[in-house]
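K.L.:
Handing you this structure, nothing more for now.
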Amino acid sequence: MLLALPLVVSCNSETKQASVAPLNMETYLNAASPDTLYPSAAQIAMLKKVIPKDAFQPAPKITDRTYWNAIAASPSGQAYLEKAKSLLDKTPEVPISDSIYRIANRDGNRGIYKPRYYRTMDRLEHFILGECIENQGNFLPQIATFANAIMAMKSWVHPNHDDNNNGILEGRRVSIDLGARKFGSVLAIAEALLADKLPEQLRSDIANNIQRRITDTYLKSTQYSDENNTWIRSTSNWNSVCTSGTILATITNSQDYDKRLAAVGSALNSMTYYLSGFGDDGYCSEGLGYWGYGFGHYLYLAQLLYDYSEGRIDLFKFDNPEKLKNVGNFPENFVIQDQRCAPFADGVSRVSNKGSNFANVLSAHYYSAIQPSEIRMEEAAEQLITWNHPALFEVSKQAQEPELPNHTYFDDFGMVISRGKQQTPFSIAIKGGHNAENHNHSDVGTYTLVLGQDIMSGDIGAPSYRAGAFSPENPARSSWGHPVPKLNEILQSNGIARKGIFKQTDFQANKDKVLIDLKPAYDFPALQVLERSMTNDKSGTGTITIEDYFVATEAVSFETAIMTLNTYEISDNNTVILTSENQKVKVEIKSEDFKIRITDELVPVEHLREGGPAYRIGIKSEKPIKSGKISVVYTPL
């Protein structure tokens, strides 16, 4: 029954959609104002043709027992209700005290705040949907307690997202962040689904809080640039995540049709910025974890607006269907081998089997990506979409692994994965990119080298999110903490012009070779040439060579580095042995026309997301030189 009911609704929607004209996204975007994200008069006129007069209903109200009894009879509904019941004796852990908020803001300490927020929101979401499933009033007292606790908070943003003077906490301004959008959207779901089951005063308080803390501040920021909600023009996950929650809260809560129109119109304009953060090749510089988080919320927004407009607003294609398809297939293209991937920027090195895989499931449906073998949801909004559209959430009966090609070239962003095909495959991912990417690490030319399932050398990943983690001086974020050159102790500079350019690529069955121009990444006038080549000789057990060649107008101290999270032994001035849990690699260092010396040191960052400790093995010319070449040759043992 659970499967049959929503499918009937879906079929009816398809019939209705055929009689209406969809929004032409290219025409809509071309009509935007050049000065603001707020929709122009022409855009508003287009939106009025595709958006209904009524507010959005994210799922049938609790009084629709045909729908909710079907959910209650389903395995997922029963499991959801069981968990909700297990949480009934819990109390909200917000609001936290002003003193803790100020400490978290000052020290960047997320641990004393975020877990409380996540636990509180997870419980409230379960209480809301649990009550809809059970319909016996058992959850209503807790829903009121939790909702009032949230609305008692002076600030809905995470403390580390407030300004240094705690302006939001002090009431000098109102802003939306990753936390506030969640508070607003969950409260909107509570009011929309439970309606008269909630006390009239509570419903009024919810509506007023969402209006003030979400809708009004959002629309103000889309009309006039201010210090609030600067993420509306961001190319990072912040834009899609905050926008999706803001739109759900606004189109569900606001009784003002014009404000609902303006919010949806602003979101469409804003998504041009978010999607510009991906390469046309689908590359996500934020890495695999943020692809799931950010693109997952983009797809959640797409499904909401598709449903609200009865299929007339289609963000699944937006104005570039081919690019969206590439983005949807990014995870399987980004894998190096054995579910390992490069932890570039603030990305992760392993495909996770925890947390929401909403993005993967919808990408399988809309973009023909690999179909997951399970469904994992983290948010009530995702769960409602799943229950509303079971046909979209079919899973494979067994886990599917992508059939990886010999190489993958993200030619727009500039990143190559060269895959060995040995019994124990020896492979490498190497990037050009630029130093204004999302979660930038000043890492043009960085690489990750994988033998079997073990990362042997290369990028050490991101510092854990603590105070100072996002400072460009953090050793794990600057180019010092990456396997890239430095000249006269000068590191890479930041900015979109500071980039690596693939000058040559040669992909063959048994050998891949690329050449990257690294010179633009450095603000060093004496530098005439700085090139990095990578050769993956796939014969035998494999050999991967990184070679740096430079020419300068004056003698300079030239240095490159081997970075590793593994144990190592410096055998002599030209040989290093790297040993991981399962593998061992010999590293031979060769130089032309000059001598080198090796200096190893601990990376002075206590908390790394990839674990630790990490080490930097510097390879430096003994004296200044005008030109030279250093080769680092990796061979499995």
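So you can find residues: chains in the structure tokens are A, B, ... in the order shown, residues in each start at 1, and ligands are numbered from 1 in order.
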Just want the 8 Å neighbourhood of Ile577 (chain A), counted on only C-alpha atoms, with same-chain residues fewer than 6 positions away dropped. Output as a list in words.
P.N.:
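Listed by chain and then number, they are Tyr568, Glu569, Ile570, Ser571, Lys584, Val585, Lys586 and Val587 of chain A.
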K.L.:
Write out as number ranges by chain which residues come within 10 Å of region 374-386 of chain A when counting only C-alpha atoms, dropping same-chain ones fewer than 5 positions away.
P.N.:
A: 6, 58-60, 76-77, 80, 121-122, 124-126, 128-129, 182, 185-186, 189, 245, 248, 296-297, 299-301, 303-304, 307, 353-358, 360-361, 391-399
K.L.:
Ranking A:Gln423, A:Asn329, A:Ser155, A:Asn320 by minimum distance to Gly540 (chain A) and counting only C-alpha atoms, which one comes first?
P.N.:
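Of the candidates, the smallest distance to Gly540 (chain A) is held by A:Gln423.
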K.L.:
So which residues touch region 82-87 of chain A within 8 Å, counting only C-alpha atoms, skipping near sequence neighbours fewer than 3 positions away, as an MDAnalysis selection string?
P.N.:
chainID A and resid 78:79 90 123 126:127 130
K.L.:
Quick one: pull the distance between CA of Ile544 (chain A) and CA of Asn406 (chain A), Å, one decimal.
P.N.:
14.6 Å
K.L.:
Which residues come within 9 Å of Glu134 (chain A), counting only C-alpha atoms, excluding same-chain residues fewer than 5 positions away, as a PyMOL selection string?
P.N.:
chain A and resi 68-69+72+81+129
K.L.:
Find the residues near Arg233 (chain A): any atom within 10 Å, counting only C-alpha atoms, skip ones fewer than 5 places away on the same chain, and give them as a PDB file with N, CA and C atoms, in the first residue's frame.
P.N.:
```pdb
ATOM      1  N   LEU A  37      19.986  39.466  -6.868  1.00  0.00           N
ATOM      2  CA  LEU A  37      19.439  38.125  -7.054  1.00  0.00           C
ATOM      3  C   LEU A  37      17.916  38.125  -6.983  1.00  0.00           C
ATOM      4  N   THR A 222      18.821  39.229  -0.799  1.00  0.00           N
ATOM      5  CA  THR A 222      18.756  39.084  -2.251  1.00  0.00           C
ATOM      6  C   THR A 222      18.459  40.409  -2.944  1.00  0.00           C
ATOM      7  N   TRP A 238      27.543  25.626   0.918  1.00  0.00           N
ATOM      8  CA  TRP A 238      26.737  26.532   1.745  1.00  0.00           C
ATOM      9  C   TRP A 238      25.523  27.049   0.960  1.00  0.00           C
ATOM     10  N   ASN A 239      25.713  27.371  -0.288  1.00  0.00           N
ATOM     11  CA  ASN A 239      24.631  27.955  -1.068  1.00  0.00           C
ATOM     12  C   ASN A 239      23.466  26.974  -1.214  1.00  0.00           C
ATOM     13  N   ASN A 269      17.973  32.135  -9.304  1.00  0.00           N
ATOM     14  CA  ASN A 269      19.105  32.984  -9.687  1.00  0.00           C
ATOM     15  C   ASN A 269      20.358  32.614  -8.902  1.00  0.00           C
ATOM     16  N   SER A 270      20.180  32.280  -7.631  1.00  0.00           N
ATOM     17  CA  SER A 270      21.310  31.938  -6.777  1.00  0.00           C
ATOM     18  C   SER A 270      21.982  30.632  -7.210  1.00  0.00           C
ATOM     19  N   MET A 271      21.188  29.694  -7.731  1.00  0.00           N
ATOM     20  CA  MET A 271      21.750  28.395  -8.107  1.00  0.00           C
ATOM     21  C   MET A 271      22.702  28.485  -9.291  1.00  0.00           C
ATOM     22  N   THR A 272      22.638  29.568 -10.052  1.00  0.00           N
ATOM     23  CA  THR A 272      23.639  29.734 -11.117  1.00  0.00           C
ATOM     24  C   THR A 272      25.031  29.865 -10.527  1.00  0.00           C
ATOM     25  N   TYR A 273      25.122  30.495  -9.358  1.00  0.00           N
ATOM     26  CA  TYR A 273      26.409  30.621  -8.671  1.00  0.00           C
ATOM     27  C   TYR A 273      26.858  29.266  -8.143  1.00  0.00           C
ATOM     28  N   TYR A 274      25.945  28.566  -7.466  1.00  0.00           N
ATOM     29  CA  TYR A 274      26.326  27.265  -6.908  1.00  0.00           C
ATOM     30  C   TYR A 274      26.820  26.314  -7.992  1.00  0.00           C
TER      31      TYR A 274
END
```
K.L.:
Can you work out which one of A:Val514, A:Ile44, A:Leu219, A:Ala190 has the shortest atom-to-atom distance to Ser175 (chain A), counting only C-alpha atoms?
P.N.:
A:Leu219
K.L.:
Could you tell me which of A:Leu288, A:Val50, A:Ala263, A:Ile630 comes closest to Glu559 (chain A) if we count only C-alpha atoms?
P.N.:
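Answer, going by the shortest atom-to-atom distance: A:Ile630.
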K.L.:
Give me the residues within 12 Å of region 346-352 of chain A as number ranges by chain, counting only C-alpha atoms and dropping any in the same chain fewer than 4 places off.
P.N.:
A: 236, 284-293, 331-332, 334-342, 356-357, 360, 376, 401, 429, 437-443, 448-450, 453-455, 458-465, 469-470, 476-477, 608-611
K.L.:
Quick one: residues within 12 Å of region 197-200 of chain A, only C-alpha atoms counted, chain neighbours fewer than 2 positions away excluded, as a short mmCIF file (atom, residue, chain, number, x, y, z; two decimals) with all heavy atoms, in the first residue's frame?
P.N.:
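Output (around.cif):
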```
data_model
loop_
_atom_site.label_atom_id
_atom_site.label_comp_id
_atom_site.auth_asym_id
_atom_site.auth_seq_id
_atom_site.Cartn_x
_atom_site.Cartn_y
_atom_site.Cartn_z
N LYS A 61 -1.28 16.28 5.45
CA LYS A 61 -1.41 16.56 6.88
C LYS A 61 -1.69 15.27 7.65
O LYS A 61 -2.12 14.26 7.07
CB LYS A 61 -2.52 17.57 7.12
CG LYS A 61 -2.26 18.97 6.56
CD LYS A 61 -3.43 19.89 6.86
CE LYS A 61 -3.23 21.27 6.23
NZ LYS A 61 -2.09 21.99 6.81
N ILE A 62 -1.46 15.32 8.93
CA ILE A 62 -1.67 14.16 9.80
C ILE A 62 -3.10 13.65 9.71
O ILE A 62 -3.36 12.45 9.94
CB ILE A 62 -1.31 14.52 11.26
CG1 ILE A 62 -1.31 13.27 12.15
CG2 ILE A 62 -2.23 15.60 11.80
CD1 ILE A 62 -0.80 13.53 13.56
N THR A 63 -4.05 14.50 9.36
CA THR A 63 -5.45 14.09 9.27
C THR A 63 -5.74 13.21 8.06
O THR A 63 -6.79 12.58 7.99
CB THR A 63 -6.36 15.34 9.22
OG1 THR A 63 -5.87 16.22 8.19
CG2 THR A 63 -6.37 16.06 10.55
N ILE A 128 8.07 14.59 15.19
CA ILE A 128 7.07 15.12 14.25
C ILE A 128 6.53 14.01 13.35
O ILE A 128 5.31 13.79 13.25
CB ILE A 128 7.68 16.26 13.40
CG1 ILE A 128 8.03 17.46 14.28
CG2 ILE A 128 6.69 16.68 12.30
CD1 ILE A 128 8.95 18.46 13.58
N GLU A 131 4.67 11.23 15.26
CA GLU A 131 3.28 11.57 15.59
C GLU A 131 2.37 11.41 14.37
O GLU A 131 1.24 10.92 14.48
CB GLU A 131 3.19 13.00 16.12
CG GLU A 131 1.79 13.44 16.52
CD GLU A 131 1.20 12.58 17.63
OE1 GLU A 131 1.94 12.10 18.51
OE2 GLU A 131 -0.04 12.39 17.61
N CYS A 132 2.87 11.80 13.21
CA CYS A 132 2.07 11.64 11.99
C CYS A 132 1.78 10.16 11.72
O CYS A 132 0.68 9.80 11.28
CB CYS A 132 2.79 12.25 10.79
SG CYS A 132 2.85 14.05 10.80
N ASN A 135 -0.27 8.93 15.43
CA ASN A 135 -1.51 9.70 15.58
C ASN A 135 -2.23 9.43 16.91
O ASN A 135 -3.45 9.30 16.95
CB ASN A 135 -2.46 9.41 14.41
CG ASN A 135 -3.61 10.40 14.34
OD1 ASN A 135 -3.45 11.58 14.67
ND2 ASN A 135 -4.77 9.93 13.93
N GLN A 136 -1.46 9.34 17.99
CA GLN A 136 -2.08 9.11 19.29
C GLN A 136 -1.77 10.23 20.29
O GLN A 136 -2.14 10.13 21.46
CB GLN A 136 -1.62 7.77 19.86
CG GLN A 136 -2.12 6.58 19.06
CD GLN A 136 -1.68 5.25 19.65
OE1 GLN A 136 -1.13 5.19 20.75
NE2 GLN A 136 -1.92 4.17 18.91
N GLY A 137 -1.06 11.25 19.85
CA GLY A 137 -0.77 12.38 20.72
C GLY A 137 0.41 12.17 21.65
O GLY A 137 0.74 13.07 22.44
N ASN A 138 1.07 11.02 21.56
CA ASN A 138 2.16 10.73 22.49
C ASN A 138 3.37 11.63 22.30
O ASN A 138 4.14 11.86 23.24
CB ASN A 138 2.60 9.26 22.33
CG ASN A 138 1.53 8.29 22.79
OD1 ASN A 138 0.77 8.59 23.72
ND2 ASN A 138 1.42 7.14 22.14
N PHE A 139 3.56 12.15 21.10
CA PHE A 139 4.74 12.95 20.81
C PHE A 139 4.49 14.46 20.94
O PHE A 139 5.43 15.25 20.92
CB PHE A 139 5.25 12.66 19.40
CG PHE A 139 5.75 11.25 19.20
CD1 PHE A 139 4.91 10.27 18.67
CD2 PHE A 139 7.04 10.88 19.54
CE1 PHE A 139 5.35 8.97 18.48
CE2 PHE A 139 7.50 9.59 19.35
CZ PHE A 139 6.64 8.63 18.82
N LEU A 140 3.22 14.85 21.01
CA LEU A 140 2.90 16.27 20.97
C LEU A 140 3.52 17.09 22.10
O LEU A 140 4.03 18.20 21.86
CB LEU A 140 1.38 16.46 20.95
CG LEU A 140 0.69 15.98 19.66
CD1 LEU A 140 -0.83 16.13 19.79
CD2 LEU A 140 1.20 16.76 18.45
N PRO A 141 3.53 16.60 23.36
CA PRO A 141 4.18 17.40 24.41
C PRO A 141 5.66 17.65 24.13
O PRO A 141 6.16 18.77 24.36
CB PRO A 141 3.97 16.55 25.67
CG PRO A 141 2.76 15.73 25.38
CD PRO A 141 2.84 15.41 23.92
N GLN A 142 6.37 16.62 23.65
CA GLN A 142 7.79 16.80 23.36
C GLN A 142 8.01 17.73 22.17
O GLN A 142 8.96 18.50 22.14
CB GLN A 142 8.44 15.44 23.10
CG GLN A 142 8.80 14.67 24.36
CD GLN A 142 9.97 15.29 25.10
OE1 GLN A 142 9.88 16.44 25.56
NE2 GLN A 142 11.07 14.56 25.22
N ILE A 143 7.13 17.64 21.19
CA ILE A 143 7.25 18.54 20.03
C ILE A 143 7.13 19.99 20.49
O ILE A 143 7.92 20.86 20.07
CB ILE A 143 6.18 18.20 18.97
CG1 ILE A 143 6.48 16.85 18.33
CG2 ILE A 143 6.11 19.29 17.90
CD1 ILE A 143 5.36 16.30 17.47
N ALA A 144 6.19 20.27 21.36
CA ALA A 144 6.03 21.63 21.87
C ALA A 144 7.24 22.05 22.70
O ALA A 144 7.74 23.18 22.57
CB ALA A 144 4.76 21.72 22.72
N THR A 145 7.75 21.14 23.52
CA THR A 145 8.92 21.45 24.36
C THR A 145 10.13 21.75 23.49
O THR A 145 10.84 22.75 23.72
CB THR A 145 9.23 20.26 25.29
OG1 THR A 145 8.13 20.06 26.17
CG2 THR A 145 10.48 20.52 26.11
N ALA A 147 10.22 22.59 20.23
CA ALA A 147 10.01 23.76 19.39
C ALA A 147 10.21 25.05 20.18
O ALA A 147 10.85 26.00 19.71
CB ALA A 147 8.61 23.73 18.78
N ASN A 148 9.68 25.08 21.39
CA ASN A 148 9.84 26.27 22.23
C ASN A 148 11.30 26.48 22.63
O ASN A 148 11.77 27.62 22.75
CB ASN A 148 8.95 26.17 23.47
CG ASN A 148 7.50 26.47 23.16
OD1 ASN A 148 7.20 27.41 22.43
ND2 ASN A 148 6.59 25.67 23.71
N LEU A 187 10.83 23.29 11.81
CA LEU A 187 9.65 23.92 12.43
C LEU A 187 8.53 24.11 11.40
O LEU A 187 7.35 23.95 11.72
CB LEU A 187 10.03 25.25 13.06
CG LEU A 187 10.90 25.17 14.32
CD1 LEU A 187 11.28 26.57 14.79
CD2 LEU A 187 10.18 24.42 15.45
N ALA A 190 6.81 20.84 10.98
CA ALA A 190 5.95 20.56 12.13
C ALA A 190 4.60 21.26 11.99
O ALA A 190 3.53 20.64 12.17
CB ALA A 190 6.63 21.00 13.42
N GLU A 191 4.62 22.54 11.66
CA GLU A 191 3.37 23.30 11.57
C GLU A 191 2.53 22.83 10.38
O GLU A 191 1.31 22.69 10.49
CB GLU A 191 3.69 24.79 11.44
CG GLU A 191 2.55 25.72 11.81
CD GLU A 191 1.49 25.80 10.72
OE1 GLU A 191 1.84 25.66 9.53
OE2 GLU A 191 0.31 26.00 11.06
N ALA A 192 3.18 22.51 9.27
CA ALA A 192 2.45 22.13 8.07
C ALA A 192 1.79 20.76 8.21
O ALA A 192 0.67 20.55 7.73
CB ALA A 192 3.40 22.12 6.86
N LEU A 193 2.46 19.82 8.87
CA LEU A 193 1.92 18.47 8.97
C LEU A 193 0.96 18.30 10.15
O LEU A 193 -0.05 17.62 10.03
CB LEU A 193 3.07 17.45 9.10
CG LEU A 193 4.08 17.38 7.96
CD1 LEU A 193 5.01 16.19 8.15
CD2 LEU A 193 3.38 17.27 6.61
N LEU A 194 1.29 18.93 11.27
CA LEU A 194 0.50 18.72 12.48
C LEU A 194 -0.65 19.71 12.63
O LEU A 194 -1.68 19.41 13.25
CB LEU A 194 1.40 18.78 13.71
CG LEU A 194 2.52 17.73 13.73
CD1 LEU A 194 3.45 17.97 14.91
CD2 LEU A 194 1.93 16.32 13.78
N ALA A 195 -0.46 20.91 12.09
CA ALA A 195 -1.51 21.94 12.04
C ALA A 195 -2.27 22.06 13.36
O ALA A 195 -1.69 22.42 14.38
CB ALA A 195 -2.47 21.64 10.88
N LEU A 202 1.56 28.27 19.72
CA LEU A 202 2.79 27.66 19.21
C LEU A 202 2.86 27.80 17.70
O LEU A 202 3.91 28.14 17.15
CB LEU A 202 2.86 26.19 19.61
CG LEU A 202 4.09 25.41 19.11
CD1 LEU A 202 5.38 26.05 19.61
CD2 LEU A 202 4.01 23.95 19.55
N ARG A 203 1.75 27.58 17.02
CA ARG A 203 1.74 27.73 15.56
C ARG A 203 2.07 29.16 15.16
O ARG A 203 2.81 29.41 14.21
CB ARG A 203 0.37 27.32 15.01
CG ARG A 203 0.02 25.86 15.21
CD ARG A 203 -1.33 25.54 14.60
NE ARG A 203 -1.30 25.65 13.15
CZ ARG A 203 -2.37 25.54 12.35
NH1 ARG A 203 -3.56 25.34 12.90
NH2 ARG A 203 -2.26 25.64 11.05
N SER A 204 1.50 30.10 15.89
CA SER A 204 1.77 31.51 15.60
C SER A 204 3.23 31.86 15.85
O SER A 204 3.86 32.57 15.05
CB SER A 204 0.87 32.40 16.47
OG SER A 204 1.15 33.78 16.27
N ASP A 205 3.79 31.36 16.94
CA ASP A 205 5.19 31.62 17.26
C ASP A 205 6.12 31.02 16.19
O ASP A 205 7.11 31.64 15.80
CB ASP A 205 5.54 31.05 18.63
CG ASP A 205 4.90 31.81 19.78
OD1 ASP A 205 4.45 32.95 19.54
OD2 ASP A 205 4.85 31.26 20.90
N ILE A 206 5.79 29.82 15.74
CA ILE A 206 6.60 29.20 14.69
C ILE A 206 6.56 30.05 13.43
O ILE A 206 7.60 30.35 12.82
CB ILE A 206 6.09 27.77 14.40
CG1 ILE A 206 6.46 26.82 15.54
CG2 ILE A 206 6.68 27.25 13.08
CD1 ILE A 206 5.87 25.42 15.40
N ALA A 207 5.38 30.46 13.02
CA ALA A 207 5.25 31.26 11.81
C ALA A 207 6.03 32.56 11.92
O ALA A 207 6.73 32.97 10.97
CB ALA A 207 3.77 31.56 11.54
#
```
